[in-house]
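Since the structure comes first, as C-alpha coordinates, the remarks are kept for the end.
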Amino acid sequence: MPKILCLTVAILSGLTLGAQIRKISEQGSGPVHLERHQFKFNLISPGIHYELGLFRNQSVSTGLGLGLATYQEGYSLGLAMNNRYRYYHNFNRRIGMGKTVSGNSGDYIAAAQSIFFSFLNVANDISDTDFNIGFYGAVYGIQRTYPSGFNFNAELGAGYYRGDGVPSGYGPLFHVTFGWVATKRK
(Lines give C-alpha, C1' and ligand atoms only; values in the text may rest on other atoms or scores of the structure.)
Protein backbone atom coordinates (compact mmCIF):
# COMPACT_ATOMS: atom_id res chain seq x y z
CA MET A 1 0.00 0.00 0.00
CA PRO A 2 2.79 2.55 0.79
CA LYS A 3 4.29 1.87 -2.67
CA ILE A 4 0.95 2.63 -4.35
CA LEU A 5 0.61 5.84 -2.34
CA CYS A 6 4.16 6.96 -3.24
CA LEU A 7 3.55 6.19 -6.92
CA THR A 8 0.25 8.10 -6.93
CA VAL A 9 1.80 11.14 -5.22
CA ALA A 10 4.74 11.05 -7.67
CA ILE A 11 2.39 10.97 -10.67
CA LEU A 12 0.28 13.84 -9.33
CA SER A 13 3.40 15.86 -8.50
CA GLY A 14 4.78 15.28 -12.00
CA LEU A 15 1.54 16.36 -13.63
CA THR A 16 1.35 19.47 -11.45
CA LEU A 17 4.98 20.34 -12.14
CA GLY A 18 4.44 19.80 -15.86
CA ALA A 19 1.52 22.23 -15.82
CA GLN A 20 3.65 24.82 -14.00
CA ILE A 21 6.55 24.38 -16.42
CA ARG A 22 4.25 25.04 -19.37
CA LYS A 23 3.48 28.34 -17.61
CA ILE A 24 -0.23 27.88 -17.49
CA SER A 25 -1.84 30.43 -19.76
CA GLU A 26 -5.24 30.13 -18.14
CA GLN A 27 -4.67 33.13 -15.85
CA GLY A 28 -5.70 36.71 -16.51
CA SER A 29 -8.78 38.29 -17.98
CA GLY A 30 -10.71 37.06 -20.95
CA PRO A 31 -13.76 34.99 -21.75
CA VAL A 32 -15.05 32.59 -19.16
CA HIS A 33 -14.88 29.04 -20.49
CA LEU A 34 -16.66 27.27 -17.66
CA GLU A 35 -20.33 26.44 -17.69
CA ARG A 36 -21.98 28.51 -14.97
CA HIS A 37 -24.22 25.58 -13.93
CA GLN A 38 -23.94 21.95 -14.95
CA PHE A 39 -26.28 19.25 -13.69
CA LYS A 40 -25.77 15.63 -14.70
CA PHE A 41 -27.22 12.20 -14.06
CA ASN A 42 -24.72 9.38 -13.54
CA LEU A 43 -25.80 6.28 -15.41
CA ILE A 44 -23.40 3.42 -14.53
CA SER A 45 -23.32 4.11 -10.80
CA PRO A 46 -26.73 5.77 -10.32
CA GLY A 47 -26.54 9.26 -8.87
CA ILE A 48 -26.67 12.99 -9.48
CA HIS A 49 -23.90 15.58 -9.84
CA TYR A 50 -23.88 19.39 -9.82
CA GLU A 51 -20.99 21.67 -10.83
CA LEU A 52 -20.96 25.43 -10.30
CA GLY A 53 -18.49 27.61 -12.24
CA LEU A 54 -17.01 30.18 -9.86
CA PHE A 55 -14.18 31.95 -11.65
CA ARG A 56 -12.47 31.82 -15.04
CA ASN A 57 -11.25 28.20 -14.69
CA GLN A 58 -12.39 27.19 -11.22
CA SER A 59 -15.49 25.36 -10.09
CA VAL A 60 -16.95 23.52 -7.15
CA SER A 61 -18.89 20.32 -7.59
CA THR A 62 -20.81 17.87 -5.49
CA GLY A 63 -22.28 14.50 -6.31
CA LEU A 64 -24.33 11.89 -4.54
CA GLY A 65 -24.57 8.34 -5.77
CA LEU A 66 -23.56 4.73 -5.52
CA GLY A 67 -19.88 4.23 -4.64
CA LEU A 68 -17.51 1.35 -3.92
CA ALA A 69 -14.83 1.59 -1.23
CA THR A 70 -12.28 -1.18 -0.77
CA TYR A 71 -9.71 -1.42 2.01
CA GLN A 72 -8.04 -3.98 4.28
CA GLU A 73 -11.18 -4.70 6.29
CA GLY A 74 -13.20 -5.46 3.16
CA TYR A 75 -15.45 -3.58 0.78
CA SER A 76 -18.53 -1.41 1.02
CA LEU A 77 -21.01 -0.63 -1.75
CA GLY A 78 -23.44 2.14 -0.90
CA LEU A 79 -24.21 5.84 -0.88
CA ALA A 80 -21.20 8.13 -1.35
CA MET A 81 -20.88 11.91 -1.54
CA ASN A 82 -18.06 13.45 -3.61
CA ASN A 83 -17.07 17.13 -3.29
CA ARG A 84 -14.41 18.84 -5.42
CA TYR A 85 -12.82 22.26 -5.87
CA ARG A 86 -11.49 22.05 -9.43
CA TYR A 87 -8.92 24.10 -11.34
CA TYR A 88 -9.10 23.43 -15.09
CA HIS A 89 -5.66 24.00 -16.57
CA ASN A 90 -5.93 23.31 -20.30
CA PHE A 91 -8.93 25.17 -21.76
CA ASN A 92 -6.86 27.53 -23.94
CA ARG A 93 -4.73 24.65 -25.20
CA ARG A 94 -7.84 22.63 -26.12
CA ILE A 95 -9.34 25.61 -27.95
CA GLY A 96 -6.03 26.17 -29.79
CA MET A 97 -6.13 22.55 -30.96
CA GLY A 98 -9.70 22.97 -32.23
CA LYS A 99 -11.22 20.85 -29.46
CA THR A 100 -14.34 21.76 -27.53
CA VAL A 101 -14.48 22.95 -23.93
CA SER A 102 -18.27 22.85 -23.86
CA GLY A 103 -19.66 21.13 -20.79
CA ASN A 104 -16.39 21.82 -18.93
CA SER A 105 -14.44 19.43 -21.13
CA GLY A 106 -10.89 19.66 -19.87
CA ASP A 107 -8.25 18.39 -17.46
CA TYR A 108 -8.17 19.58 -13.87
CA ILE A 109 -6.45 19.40 -10.51
CA ALA A 110 -8.80 19.31 -7.54
CA ALA A 111 -8.99 19.31 -3.79
CA ALA A 112 -11.19 16.30 -3.06
CA GLN A 113 -13.45 15.02 -0.34
CA SER A 114 -15.41 11.77 -0.54
CA ILE A 115 -17.62 10.36 2.19
CA PHE A 116 -18.92 6.78 2.26
CA PHE A 117 -21.95 6.36 4.53
CA SER A 118 -22.44 3.08 6.41
CA PHE A 119 -26.14 3.47 7.13
CA LEU A 120 -27.03 3.40 3.42
CA ASN A 121 -25.04 0.34 2.33
CA VAL A 122 -26.24 -1.98 -0.39
CA ALA A 123 -23.58 -4.63 0.32
CA ASN A 124 -20.41 -5.01 2.40
CA ASP A 125 -18.25 -7.64 4.06
CA ILE A 126 -17.09 -5.57 7.04
CA SER A 127 -17.75 -7.13 10.43
CA ASP A 128 -18.45 -3.77 12.11
CA THR A 129 -21.63 -2.42 10.51
CA ASP A 130 -21.31 1.02 12.16
CA PHE A 131 -18.56 2.71 10.15
CA ASN A 132 -18.03 5.72 7.93
CA ILE A 133 -15.06 6.57 5.74
CA GLY A 134 -13.97 10.05 4.68
CA PHE A 135 -11.32 10.76 2.03
CA TYR A 136 -9.46 14.10 2.03
CA GLY A 137 -6.81 14.69 -0.60
CA ALA A 138 -5.99 15.79 -4.15
CA VAL A 139 -6.94 14.31 -7.50
CA TYR A 140 -6.05 14.82 -11.15
CA GLY A 141 -9.01 14.39 -13.44
CA ILE A 142 -10.28 14.56 -16.99
CA GLN A 143 -13.83 15.42 -17.96
CA ARG A 144 -15.34 15.26 -21.42
CA THR A 145 -18.86 16.26 -22.41
CA TYR A 146 -19.94 15.39 -25.95
CA PRO A 147 -22.54 17.24 -28.10
CA SER A 148 -25.14 14.55 -27.35
CA GLY A 149 -24.80 15.35 -23.62
CA PHE A 150 -22.92 12.16 -22.78
CA ASN A 151 -20.32 12.87 -20.07
CA PHE A 152 -17.23 10.96 -18.96
CA ASN A 153 -15.18 11.84 -15.87
CA ALA A 154 -12.14 10.00 -14.44
CA GLU A 155 -10.00 10.93 -11.43
CA LEU A 156 -6.89 9.53 -9.79
CA GLY A 157 -5.53 10.85 -6.53
CA ALA A 158 -4.12 10.25 -3.09
CA GLY A 159 -4.98 11.43 0.37
CA TYR A 160 -5.93 10.62 3.93
CA TYR A 161 -8.77 8.26 4.78
CA ARG A 162 -10.41 9.01 8.11
CA GLY A 163 -12.24 6.00 9.45
CA ASP A 164 -15.06 5.87 11.96
CA GLY A 165 -15.30 2.21 12.96
CA VAL A 166 -12.36 1.22 10.73
CA PRO A 167 -8.68 2.31 10.88
CA SER A 168 -7.55 5.63 9.36
CA GLY A 169 -4.59 5.97 7.01
CA TYR A 170 -3.28 7.13 3.64
CA GLY A 171 -4.26 5.68 0.30
CA PRO A 172 -5.26 6.19 -3.33
CA LEU A 173 -8.61 7.23 -4.82
CA PHE A 174 -9.90 6.21 -8.25
CA HIS A 175 -13.24 7.63 -9.35
CA VAL A 176 -15.01 7.16 -12.71
CA THR A 177 -18.46 8.30 -13.81
CA PHE A 178 -20.44 8.03 -17.03
CA GLY A 179 -23.48 10.20 -17.32
CA TRP A 180 -25.69 12.60 -19.19
CA VAL A 181 -25.61 16.38 -18.75
CA ALA A 182 -29.16 17.67 -18.38
CA THR A 183 -28.36 21.39 -18.58
CA LYS A 184 -27.79 23.43 -21.73
CA ARG A 185 -24.14 23.69 -22.77
CA LYS A 186 -22.30 26.62 -24.46
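FYI, nothing fancy with the C-alpha coordinates labels: chains A, B, ... in order, residues from 1 per chain, ligands from 1 as they appear.
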Exercise. Using backbone DSSP assignments, extract all helix (DSSP H, G or I) residues from segment 15-182 of chain A; output them as a PyMOL selection string.
Key: chain A and resi 15-21+91-96
Using the selection just defined, write its residues with N, CA and C atoms as a tab-separated table (two decimals), in the first residue's frame.
```tsv
chain	number	residue	atom	x	y	z
A	15	LEU	N	2.53	15.68	-12.81
A	15	LEU	CA	1.54	16.36	-13.63
A	15	LEU	C	1.42	17.82	-13.24
A	16	THR	N	1.44	18.10	-11.94
A	16	THR	CA	1.35	19.47	-11.45
A	16	THR	C	2.57	20.26	-11.88
A	17	LEU	N	3.74	19.68	-11.73
A	17	LEU	CA	4.98	20.34	-12.14
A	17	LEU	C	4.99	20.60	-13.64
A	18	GLY	N	4.51	19.63	-14.42
A	18	GLY	CA	4.44	19.80	-15.86
A	18	GLY	C	3.54	20.97	-16.25
A	19	ALA	N	2.44	21.12	-15.55
A	19	ALA	CA	1.52	22.23	-15.82
A	19	ALA	C	2.19	23.56	-15.47
A	20	GLN	N	2.97	23.59	-14.39
A	20	GLN	CA	3.65	24.82	-14.00
A	20	GLN	C	4.76	25.15	-14.98
A	21	ILE	N	5.47	24.15	-15.47
A	21	ILE	CA	6.55	24.38	-16.42
A	21	ILE	C	6.02	24.97	-17.71
A	91	PHE	N	-7.87	24.70	-20.86
A	91	PHE	CA	-8.93	25.17	-21.76
A	91	PHE	C	-8.35	25.87	-22.99
A	92	ASN	N	-7.43	26.80	-22.79
A	92	ASN	CA	-6.86	27.53	-23.94
A	92	ASN	C	-6.14	26.59	-24.89
A	93	ARG	N	-5.44	25.62	-24.36
A	93	ARG	CA	-4.73	24.65	-25.20
A	93	ARG	C	-5.73	23.83	-26.03
A	94	ARG	N	-6.82	23.40	-25.40
A	94	ARG	CA	-7.84	22.63	-26.12
A	94	ARG	C	-8.47	23.47	-27.23
A	95	ILE	N	-8.75	24.73	-26.94
A	95	ILE	CA	-9.34	25.61	-27.95
A	95	ILE	C	-8.36	25.81	-29.09
A	96	GLY	N	-7.07	26.00	-28.77
A	96	GLY	CA	-6.03	26.17	-29.79
A	96	GLY	C	-5.89	24.95	-30.68
```
Sorted per-residue table, segment 90-137 of chain A near segment 154-169 of chain A, closest atoms and distance, 6 Å, only C-alpha atoms, as a tab-separated table:
```
residue	atom	partner	partner_atom	distance
A:Phe131	CA	A:Gly165	CA	4.3
A:Asn132	CA	A:Asp164	CA	5.0
A:Ile133	CA	A:Gly163	CA	4.7
A:Gly134	CA	A:Arg162	CA	5.1
A:Phe135	CA	A:Tyr161	CA	4.5
A:Tyr136	CA	A:Tyr160	CA	5.3
A:Gly137	CA	A:Gly159	CA	3.9
```
Selection export as an mmCIF file, in the first residue's frame, atoms kept: N, CA, C and O atoms:
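Output file result.cif is given in full below:
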```cif
data_model
loop_
_atom_site.group_PDB
_atom_site.id
_atom_site.type_symbol
_atom_site.label_atom_id
_atom_site.label_comp_id
_atom_site.auth_asym_id
_atom_site.auth_seq_id
_atom_site.Cartn_x
_atom_site.Cartn_y
_atom_site.Cartn_z
ATOM 1 N N PHE A 131 -19.793 2.075 10.581
ATOM 2 C CA PHE A 131 -18.557 2.710 10.153
ATOM 3 C C PHE A 131 -18.868 3.760 9.103
ATOM 4 O O PHE A 131 -19.891 3.718 8.436
ATOM 5 N N ASN A 132 -17.999 4.719 8.990
ATOM 6 C CA ASN A 132 -18.032 5.723 7.932
ATOM 7 C C ASN A 132 -16.592 5.953 7.511
ATOM 8 O O ASN A 132 -15.676 5.835 8.322
ATOM 9 N N ILE A 133 -16.397 6.297 6.247
ATOM 10 C CA ILE A 133 -15.056 6.574 5.739
ATOM 11 C C ILE A 133 -15.096 7.936 5.047
ATOM 12 O O ILE A 133 -15.994 8.208 4.247
ATOM 13 N N GLY A 134 -14.115 8.769 5.345
ATOM 14 C CA GLY A 134 -13.968 10.054 4.677
ATOM 15 C C GLY A 134 -12.609 10.128 4.008
ATOM 16 O O GLY A 134 -11.604 9.765 4.618
ATOM 17 N N PHE A 135 -12.566 10.573 2.757
ATOM 18 C CA PHE A 135 -11.317 10.762 2.027
ATOM 19 C C PHE A 135 -11.078 12.255 1.881
ATOM 20 O O PHE A 135 -11.977 13.000 1.480
ATOM 21 N N TYR A 136 -9.849 12.694 2.169
ATOM 22 C CA TYR A 136 -9.461 14.097 2.035
ATOM 23 C C TYR A 136 -8.112 14.124 1.327
ATOM 24 O O TYR A 136 -7.139 13.600 1.850
ATOM 25 N N GLY A 137 -8.064 14.698 0.135
ATOM 26 C CA GLY A 137 -6.806 14.692 -0.602
ATOM 27 C C GLY A 137 -6.879 15.499 -1.880
ATOM 28 O O GLY A 137 -7.665 16.446 -1.998
#
```
Quiz item: From the set A:Ser76, A:Asn104, A:Gln113, A:Thr177, which residue has the shortest atom-to-atom contact distance to His49 of chain A, counting only C-alpha atoms?
Solution: A:Thr177
Practice problem: Write down as a ChimeraX atom specification the residues belonging to segment 44-102 of chain A that are assigned strand (DSSP E) by DSSP computed on the backbone. | Solution: /A:47-53,58-71,74-88
